Amino acid sequence: MKHRYAMVCSSNQNRSMEAHFLLKRQGFDVSSYGTGAHVKLPGPSLREPNVYEFGTPYKQMFDELRRKDTELYKRNGILPMLKRNSTVKMAPQRWQDNAADGYFDVVFTFEEKVFDMVIEDLHNREHVLLKTVLVINLEVKDNHEEAAVGARLTLDLCQEIEGAESWEESIDEIIAGFEKQHRRKLLTTANE
């Protein structure tokens with residue numbers, strides 16, 4: 001693979017990690033991040049989320065939630081999600097704290113507010129490499145089923161980008177073809 005990809009979502013590590021998992025399995029150079037202040041996972045009620053610091057190992061989260069209520073966290077998909085995440089990387093990372101460690105050719109976000117945050121963050125960074133970064137928002141609902149669909153769509157789009165001689169020259173055609181085929185509107189911008 002010739003490009004480096006980043007998957008970015010808010011704070012629960014579902015959509016970005018599902019895409020990271022699928023792309024990594026297909027041999028892509030990919031990283032994933034959250035943008036929130038903390039990692040928030042559903043709890044027993046909306047007012048009682050499970051909140052973790054970025055950098056907390058997925059295995060630790062898995063073990064704690066399994067001890068709290070195995071049936072609840074199996075049923076709502078959190079334990080399987082954490083188990084999957086732990087096979088991809090050790091712990092969640094925050095975009096604002098870690099993304100400067102590497103450069104990316106393409107950054108995917110899965111909700112518009114995260115797209116806006118990533119663009120703002122890229123504009124505020126020191127531009128050392130002076131290279132273009134393509135930022136794409138593919139709106140994906142935050143549930144396990146939609147995350148799986150979003151990951152497959154992300155993979156399709158990444159394969160199209162990889163297949164292009166120069167994504168900079170053919171991105172408009174790639175995006176138009178994707179939108180027509182999948183009936184999904186994408187937000188895109190290229191940042192230097």
# chains A, B, ... in the order shown; residues from 1 in each chain; ligands from 1
$ closest_atom_pairs --of "range 26-135 of chain A" --to "range 2-15 of chain A" --cutoff "7 Å" --atoms "only C-alpha atoms" --output "Markdown table"
| residue | atom | partner | partner_atom | distance |
| --- | --- | --- | --- | --- |
| A:Asp29 | CA | A:Arg4 | CA | 5.1 |
| A:Val30 | CA | A:Tyr5 | CA | 4.6 |
| A:Ser31 | CA | A:Ala6 | CA | 4.8 |
| A:Ser32 | CA | A:Met7 | CA | 4.5 |
| A:Tyr33 | CA | A:Val8 | CA | 4.8 |
| A:Gly34 | CA | A:Ser10 | CA | 5.0 |
| A:Thr35 | CA | A:Ser10 | CA | 4.9 |
| A:Gly36 | CA | A:Ser11 | CA | 4.8 |
| A:His38 | CA | A:Ser11 | CA | 6.3 |
| A:Val39 | CA | A:Ser11 | CA | 4.7 |
| A:Lys40 | CA | A:Asn12 | CA | 5.0 |
| A:Leu41 | CA | A:Asn12 | CA | 5.5 |
| A:Phe104 | CA | A:Arg4 | CA | 5.0 |
| A:Asp105 | CA | A:Arg4 | CA | 5.3 |
| A:Val106 | CA | A:Tyr5 | CA | 5.0 |
| A:Val107 | CA | A:Ala6 | CA | 4.6 |
| A:Phe108 | CA | A:Met7 | CA | 4.9 |
| A:Thr109 | CA | A:Val8 | CA | 4.9 |
| A:Phe110 | CA | A:Cys9 | CA | 5.8 |
| A:Val114 | CA | A:Cys9 | CA | 6.3 |
$ write_last_selection --atoms "N, CA and C atoms" --output "JSON list (two decimals), in the first residue's frame"
[["chain", "number", "residue", "atom", "x", "y", "z"],
["A", 29, "ASP", "N", -1.74, 0.61, 5.74],
["A", 29, "ASP", "CA", -1.00, 1.32, 6.78],
["A", 29, "ASP", "C", -2.01, 2.28, 7.42],
["A", 30, "VAL", "N", -2.51, 1.94, 8.59],
["A", 30, "VAL", "CA", -3.64, 2.67, 9.17],
["A", 30, "VAL", "C", -3.45, 2.86, 10.67],
["A", 31, "SER", "N", -3.95, 3.98, 11.16],
["A", 31, "SER", "CA", -3.99, 4.30, 12.59],
["A", 31, "SER", "C", -5.41, 4.76, 12.91],
["A", 32, "SER", "N", -5.74, 4.78, 14.19],
["A", 32, "SER", "CA", -7.07, 5.26, 14.58],
["A", 32, "SER", "C", -6.99, 6.10, 15.83],
["A", 33, "TYR", "N", -7.93, 7.04, 15.93],
["A", 33, "TYR", "CA", -7.92, 8.01, 17.02],
["A", 33, "TYR", "C", -9.33, 8.40, 17.42],
["A", 34, "GLY", "N", -9.44, 8.94, 18.62],
["A", 34, "GLY", "CA", -10.65, 9.60, 19.08],
["A", 34, "GLY", "C", -10.35, 11.07, 19.27],
["A", 35, "THR", "N", -11.39, 11.88, 19.37],
["A", 35, "THR", "CA", -11.17, 13.33, 19.53],
["A", 35, "THR", "C", -11.71, 13.88, 20.85],
["A", 36, "GLY", "N", -12.45, 13.08, 21.59],
["A", 36, "GLY", "CA", -13.05, 13.57, 22.82],
["A", 36, "GLY", "C", -12.02, 13.80, 23.91],
["A", 38, "HIS", "N", -12.23, 12.20, 26.77],
["A", 38, "HIS", "CA", -12.09, 10.88, 27.37],
["A", 38, "HIS", "C", -12.69, 9.84, 26.43],
["A", 39, "VAL", "N", -12.42, 8.60, 26.71],
["A", 39, "VAL", "CA", -13.09, 7.49, 26.02],
["A", 39, "VAL", "C", -14.36, 7.23, 26.80],
["A", 40, "LYS", "N", -15.50, 7.31, 26.12],
["A", 40, "LYS", "CA", -16.79, 7.08, 26.78],
["A", 40, "LYS", "C", -17.45, 5.85, 26.17],
["A", 41, "LEU", "N", -17.76, 4.91, 27.02],
["A", 41, "LEU", "CA", -18.44, 3.69, 26.60],
["A", 41, "LEU", "C", -19.79, 3.63, 27.30],
["A", 104, "PHE", "N", -0.14, 11.62, 7.53],
["A", 104, "PHE", "CA", -1.16, 10.82, 6.87],
["A", 104, "PHE", "C", -1.45, 11.41, 5.50],
["A", 105, "ASP", "N", -1.75, 10.53, 4.57],
["A", 105, "ASP", "CA", -2.19, 10.98, 3.25],
["A", 105, "ASP", "C", -3.69, 11.21, 3.24],
["A", 106, "VAL", "N", -4.42, 10.32, 3.94],
["A", 106, "VAL", "CA", -5.88, 10.39, 3.97],
["A", 106, "VAL", "C", -6.36, 10.19, 5.40],
["A", 107, "VAL", "N", -7.27, 11.07, 5.83],
["A", 107, "VAL", "CA", -7.87, 10.98, 7.15],
["A", 107, "VAL", "C", -9.37, 10.82, 6.97],
["A", 108, "PHE", "N", -9.93, 9.76, 7.53],
["A", 108, "PHE", "CA", -11.37, 9.53, 7.49],
["A", 108, "PHE", "C", -11.98, 9.91, 8.83],
["A", 109, "THR", "N", -13.11, 10.62, 8.77],
["A", 109, "THR", "CA", -13.90, 10.88, 9.97],
["A", 109, "THR", "C", -15.29, 10.29, 9.71],
["A", 110, "PHE", "N", -16.05, 10.11, 10.79],
["A", 110, "PHE", "CA", -17.33, 9.43, 10.65],
["A", 110, "PHE", "C", -18.50, 10.24, 11.19],
["A", 114, "VAL", "N", -16.50, 15.88, 13.96],
["A", 114, "VAL", "CA", -15.12, 15.38, 14.04],
["A", 114, "VAL", "C", -14.34, 15.84, 12.80]]
$ closest_atom_pairs --of "range 70-129 of chain A" --to "range 138-146 of chain A" --cutoff "10 Å" --atoms "only C-alpha atoms" --output "CSV"
residue,atom,partner,partner_atom,distance
A:Asn76,CA,A:His144,CA,9.1
A:Gly77,CA,A:His144,CA,7.3
A:Ile78,CA,A:His144,CA,9.2
A:Met81,CA,A:His144,CA,8.4
A:Phe108,CA,A:Leu138,CA,7.2
A:Thr109,CA,A:Leu138,CA,6.3
A:Phe110,CA,A:Glu139,CA,4.8
A:Glu111,CA,A:Glu139,CA,5.0
A:Glu112,CA,A:Glu139,CA,7.0
A:Phe115,CA,A:Leu138,CA,9.2
$ residues_around --residues "Arg184 in chain A" --least-positions-apart "5" --cutoff "10 Å" --atoms "only C-alpha atoms" --output "ChimeraX atom specification"
/A:138-139,153,175-176,178-179
$ atom_distance --atom1 "CA of Gln159 in chain A" --atom2 "CA of Asn124 in chain A"
29.6 Å
$ select_by_dssp --residues "chain A" --states "strand (DSSP E)" --output "tab-separated table (two decimals) with N, CA and C atoms, in the first residue's frame"
chain	number	residue	atom	x	y	z
A	4	ARG	N	-0.84	6.33	3.65
A	4	ARG	CA	-1.02	6.15	5.08
A	4	ARG	C	-2.36	6.75	5.47
A	5	TYR	N	-3.17	5.99	6.21
A	5	TYR	CA	-4.54	6.37	6.54
A	5	TYR	C	-4.72	6.54	8.04
A	6	ALA	N	-5.61	7.46	8.40
A	6	ALA	CA	-6.03	7.63	9.79
A	6	ALA	C	-7.54	7.57	9.85
A	7	MET	N	-8.07	6.88	10.85
A	7	MET	CA	-9.50	6.79	11.10
A	7	MET	C	-9.76	7.56	12.39
A	8	VAL	N	-10.71	8.51	12.36
A	8	VAL	CA	-10.94	9.35	13.53
A	8	VAL	C	-12.43	9.42	13.83
A	9	CYS	N	-12.80	9.15	15.09
A	9	CYS	CA	-14.18	9.33	15.52
A	9	CYS	C	-14.18	10.09	16.85
A	29	ASP	N	-1.74	0.61	5.74
A	29	ASP	CA	-1.00	1.32	6.78
A	29	ASP	C	-2.01	2.28	7.42
A	30	VAL	N	-2.51	1.94	8.59
A	30	VAL	CA	-3.64	2.67	9.17
A	30	VAL	C	-3.45	2.86	10.67
A	31	SER	N	-3.95	3.98	11.16
A	31	SER	CA	-3.99	4.30	12.59
A	31	SER	C	-5.41	4.76	12.91
A	32	SER	N	-5.74	4.78	14.19
A	32	SER	CA	-7.07	5.26	14.58
A	32	SER	C	-6.99	6.10	15.83
A	33	TYR	N	-7.93	7.04	15.93
A	33	TYR	CA	-7.92	8.01	17.02
A	33	TYR	C	-9.33	8.40	17.42
A	34	GLY	N	-9.44	8.94	18.62
A	34	GLY	CA	-10.65	9.60	19.08
A	34	GLY	C	-10.35	11.07	19.27
A	39	VAL	N	-12.42	8.60	26.71
A	39	VAL	CA	-13.09	7.49	26.02
A	39	VAL	C	-14.36	7.23	26.80
A	40	LYS	N	-15.50	7.31	26.12
A	40	LYS	CA	-16.79	7.08	26.78
A	40	LYS	C	-17.45	5.85	26.17
A	41	LEU	N	-17.76	4.91	27.02
A	41	LEU	CA	-18.44	3.69	26.60
A	41	LEU	C	-19.79	3.63	27.30
A	50	ASN	N	-19.37	4.68	31.06
A	50	ASN	CA	-18.06	4.28	31.57
A	50	ASN	C	-17.04	5.20	30.92
A	51	VAL	N	-16.29	5.91	31.72
A	51	VAL	CA	-15.36	6.91	31.21
A	51	VAL	C	-13.93	6.49	31.54
A	52	TYR	N	-13.08	6.52	30.51
A	52	TYR	CA	-11.68	6.14	30.67
A	52	TYR	C	-10.79	7.22	30.06
A	106	VAL	N	-4.42	10.32	3.94
A	106	VAL	CA	-5.88	10.39	3.97
A	106	VAL	C	-6.36	10.19	5.40
A	107	VAL	N	-7.27	11.07	5.83
A	107	VAL	CA	-7.87	10.98	7.15
A	107	VAL	C	-9.37	10.82	6.97
A	108	PHE	N	-9.93	9.76	7.53
A	108	PHE	CA	-11.37	9.53	7.49
A	108	PHE	C	-11.98	9.91	8.83
A	109	THR	N	-13.11	10.62	8.77
A	109	THR	CA	-13.90	10.88	9.97
A	109	THR	C	-15.29	10.29	9.71
A	133	VAL	N	-3.02	16.62	2.58
A	133	VAL	CA	-3.72	15.59	3.33
A	133	VAL	C	-5.19	15.65	2.92
A	134	LEU	N	-5.72	14.54	2.45
A	134	LEU	CA	-7.13	14.46	2.09
A	134	LEU	C	-7.93	14.07	3.32
A	135	VAL	N	-8.94	14.86	3.66
A	135	VAL	CA	-9.82	14.55	4.79
A	135	VAL	C	-11.20	14.25	4.23
A	136	ILE	N	-11.73	13.08	4.59
A	136	ILE	CA	-13.03	12.63	4.08
A	136	ILE	C	-13.93	12.32	5.25
A	137	ASN	N	-15.15	12.85	5.21
A	137	ASN	CA	-16.14	12.48	6.22
A	137	ASN	C	-17.18	11.57	5.57
A	138	LEU	N	-17.31	10.37	6.13
A	138	LEU	CA	-18.33	9.41	5.76
A	138	LEU	C	-19.24	9.30	6.98
A	186	LEU	N	-20.40	12.46	0.68
A	186	LEU	CA	-19.16	12.61	1.44
A	186	LEU	C	-18.80	14.07	1.55
A	187	LEU	N	-18.21	14.46	2.65
A	187	LEU	CA	-17.56	15.77	2.78
A	187	LEU	C	-16.08	15.53	2.57
A	188	THR	N	-15.44	16.34	1.77
A	188	THR	CA	-14.00	16.18	1.55
A	188	THR	C	-13.32	17.53	1.52
A	189	THR	N	-12.06	17.52	1.86
A	189	THR	CA	-11.22	18.69	1.71
A	189	THR	C	-9.79	18.21	1.66
A	190	ALA	N	-8.98	18.94	0.93
A	190	ALA	CA	-7.55	18.64	0.87
A	190	ALA	C	-6.83	19.77	1.57
A	191	ASN	N	-6.05	19.43	2.59
A	191	ASN	CA	-5.32	20.43	3.39
A	191	ASN	C	-3.82	20.30	3.15
$ select_by_dssp --residues "range 10-90 of chain A" --states "helix (DSSP H, G or I)" --output "VMD selection string"
chain A and resid 15 to 25 58 to 75 78 to 88
$ atom_distance --atom1 "CA of Ala148 in chain A" --atom2 "CA of Asp97 in chain A"
26.6 Å
$ residues_around --residues "Gly177 in chain A" --least-positions-apart "5" --cutoff "10 Å" --atoms "only C-alpha atoms" --output "list in words"
Leu157, Glu160, Ile171, Asp172, His182 and Arg183 of chain A
$ write_last_selection --atoms "C-alpha atoms" --output "CSV table (one decimal), in the first residue's frame"
chain,number,residue,atom,x,y,z
A,157,LEU,CA,-13.0,4.0,-0.9
A,160,GLU,CA,-10.2,3.1,-5.1
A,171,ILE,CA,-10.1,12.3,-6.3
A,172,ASP,CA,-13.1,14.1,-7.7
A,182,HIS,CA,-23.4,3.9,-2.5
A,183,ARG,CA,-25.9,6.7,-2.4
$ atom_distance --atom1 "CA of Ser86 in chain A" --atom2 "CA of Asn98 in chain A"
18.2 Å
$ residues_around --residues "Ala151 in chain A" --least-positions-apart "2" --cutoff "9 Å" --atoms "only C-alpha atoms" --output "mmCIF file with C-alpha atoms, in the first residue's frame"
data_model
loop_
_atom_site.group_PDB
_atom_site.id
_atom_site.type_symbol
_atom_site.label_atom_id
_atom_site.label_comp_id
_atom_site.auth_asym_id
_atom_site.auth_seq_id
_atom_site.Cartn_x
_atom_site.Cartn_y
_atom_site.Cartn_z
ATOM 1 C CA ARG A 15 -16.455 3.395 14.176
ATOM 2 C CA SER A 16 -12.774 4.276 13.812
ATOM 3 C CA MET A 17 -11.630 0.972 15.313
ATOM 4 C CA GLU A 18 -13.968 -1.105 13.130
ATOM 5 C CA ALA A 19 -12.482 0.587 10.052
ATOM 6 C CA HIS A 20 -8.941 0.296 11.466
ATOM 7 C CA PHE A 21 -9.488 -3.440 12.100
ATOM 8 C CA LEU A 22 -10.776 -4.103 8.569
ATOM 9 C CA LEU A 23 -8.142 -2.002 6.782
ATOM 10 C CA GLU A 146 -23.539 0.760 11.011
ATOM 11 C CA ALA A 147 -19.887 0.744 12.077
ATOM 12 C CA ALA A 148 -19.430 -2.529 10.168
ATOM 13 C CA VAL A 149 -21.127 -1.063 7.067
ATOM 14 C CA LEU A 153 -17.472 1.477 2.627
ATOM 15 C CA THR A 154 -14.228 2.986 3.918
ATOM 16 C CA LEU A 155 -12.318 -0.033 2.624
ATOM 17 C CA ASP A 156 -13.968 0.344 -0.812
#
